[in-house]
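Single-structure report; data block below.
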Amino acid sequence: MEDFEKLDDRELLARAARLEQEQRHTERELDAVRAEIRARGLAFVEDWDSKSVRLYTSDEDMAAQKTYNAQQPNDTKIRVTFFGTFHAFFTEDGKELTWRTKKGSELFAYLLHMRGAAVERKTLLRELWQEDIPNSAVAMLHNMLYNLRKELANYNLDQIIQYRNKKYMMDTSVIESDIDIIQEAAKYVEKGKSDRLIEKRALFDTYWGRYLEDMDSKWIEEEQEYFERIYERGCIMIAACLMENGSFDEAVRYLKNALLVNNYSEAAMKQLLECYKGMGDFNSIKRQYREFCRTLENELGISPGKELEEIYGLCMGKIAK
């Protein structure tokens, strides 16, 4: 019987998911993995559709994960998480790609971020090291690429990083990432398509995490700001739809999510006050507005804008009557 002590939690759960998919496993093997999962009291798996974590609490949950896995494209070889800490996993056995250096992980992330576009070497050097490019940067880049290809070769994937016409590119056809669905939702936000965005509302139930939060480069900062704006605006749009239907309590949840990402958002606060007005919750209007004023004063040294002050006054006057 396999020694599960050699497997960390993520590897163990990946093993369970794989056994569920395979037809050649024995019930004894699967029962042993399930027993170890229960013994550790963890039992979580990555849900790539909602970017969340859920529990293996029953055989029904195991069956649901099996159904999900069966629906995934057969050509997916690597799954990547961009939001939060950057991770990349081989779908064959659930093992995570390892990075010799932090720059190695950033190189992989950047090429994947480019979505198959070719990148010149000088661009890679500039993006990875910014203004402080070391004299040995070219050699370091070649070493990183060599180490990446060496590990990918274990799964016959070394050719996904290509070099043509003095440019580097990544074949993303066998890679699935959490950014795919988020970018689809981002298009709805940018185009103001609330009717389509409301269909993706589960994606905004909880914050999906800061884009590549464990990396520090200027090209990442721009993406981080962009996706935070998308999350904030998406939550506000969803809340507006819910308010139109009188679902004020649900709208409050999304507006608070928006304020968690941007606690200076007057747009979110305006709608939040109006939600509480619709609910007849005078105390919450007063409390939320005062907390918002304190945040602006303590952190930015400013007061709320005139429009927000007017909305607060209208809400207070409406309730008071």
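Residue numbering restarts at 1 for every chain of the structure tokens, chains are lettered A, B, ... in their displayed order, and ligands are numbered from 1 as they appear.
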Give me the residues of stretch 177-257 of chain A that have any atom at most 6 Å from an atom of stretch 85-88 of chain A; for each, the nearest atom pair and the distance in Å, rounded to one decimal. Use only C-alpha atoms, sort by chain and number, and format it as JSON lines.
```
{"residue": "A:Leu212", "atom": "CA", "partner": "A:Phe86", "partner_atom": "CA", "distance": 5.7}
{"residue": "A:Glu213", "atom": "CA", "partner": "A:Thr85", "partner_atom": "CA", "distance": 5.9}
{"residue": "A:Asp214", "atom": "CA", "partner": "A:Thr85", "partner_atom": "CA", "distance": 5.6}
```
Selection export as a short mmCIF file (atom, residue, chain, number, x, y, z; two decimals), in the first residue's frame, atoms kept: N, CA and C atoms:
```
data_model
loop_
_atom_site.label_atom_id
_atom_site.label_comp_id
_atom_site.auth_asym_id
_atom_site.auth_seq_id
_atom_site.Cartn_x
_atom_site.Cartn_y
_atom_site.Cartn_z
N LEU A 212 -1.48 37.61 -9.47
CA LEU A 212 -0.07 37.30 -9.22
C LEU A 212 0.46 38.07 -8.02
N GLU A 213 -0.24 37.90 -6.89
CA GLU A 213 0.08 38.71 -5.72
C GLU A 213 1.46 38.41 -5.13
N ASP A 214 2.04 37.27 -5.47
CA ASP A 214 3.35 36.92 -4.92
C ASP A 214 4.51 37.36 -5.82
#
```
Picked from stretch 132-245 of chain A by DSSP as helix (DSSP H, G or I), as a VMD selection string: chain A and resid 137 to 153 158 to 160 172 to 174 179 to 191 194 to 204 218 to 244
Neighbouring residues of A:Ala109 were defined as those with any atom within 10 Å, considering only C-alpha atoms; residues of the same chain fewer than 4 positions away were excluded. Please report them as a list in words.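 In the requested format, the answer is Val80, Thr81, Phe82, Phe86, His87, Ala88, Lys103, Gly104, Ser105, His113, Met114, Leu212, Met215 and Ile220 of chain A.
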Taking the chain letters and numbering used in this document, name the residues of stretch 137-296 of chain A that DSSP puts in strand (DSSP E or B), as a ChimeraX atom specification. /A:161-164,167-170,175-177,211
So that I can see what lies close to A:Tyr163, please list as a PyMOL selection string the residues with an atom at most 9 Å from it, counting only C-alpha atoms and leaving out residues fewer than 6 positions away in the same chain. chain A and resi 118+169-170
Residues near A:Tyr188, cut-off 12 Å, only C-alpha atoms, skip fewer than 2 positions along chain, as a ChimeraX atom specification: /A:181-186,190-201,230-231,233-234,237-238
Separation of atom CA of A:Ser136 from atom CA of A:Arg149, in Å and rounded to one decimal: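 Result for atom CA of A:Ser136 versus atom CA of A:Arg149: 20.1 Å, one decimal.
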For A:Leu97, please output as a PyMOL selection string all residues within 10 Å (counting only C-alpha atoms; exclusion window: fewer than 2 positions along the same chain). chain A and resi 78+80+87-90+94-95+99-100+105+148+151-152
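Between atom CA of A:Lys167 and atom CA of A:Glu120 the separation is 4.5 Å.
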Suppose you want the space between atom CA of A:Met269 and atom CA of A:Tyr312; what is it in Å?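 Taking atom CA of A:Met269 as the start and atom CA of A:Tyr312 as the end point, the length is 9.6 Å.
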Looking at A:Glu131, A:Glu266, A:Asp158, A:Asp281, which one is nearest to A:Ser303, with distances taken over only C-alpha atoms?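 Selected residue with least distance to A:Ser303: A:Glu266.
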Using only C-alpha atoms, which of the listed residues (A:Glu309, A:Thr123, A:Ser177, A:Ala240) sits closest to A:Arg290?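 Counting only C-alpha atoms, the residue closest to A:Arg290 is A:Glu309.
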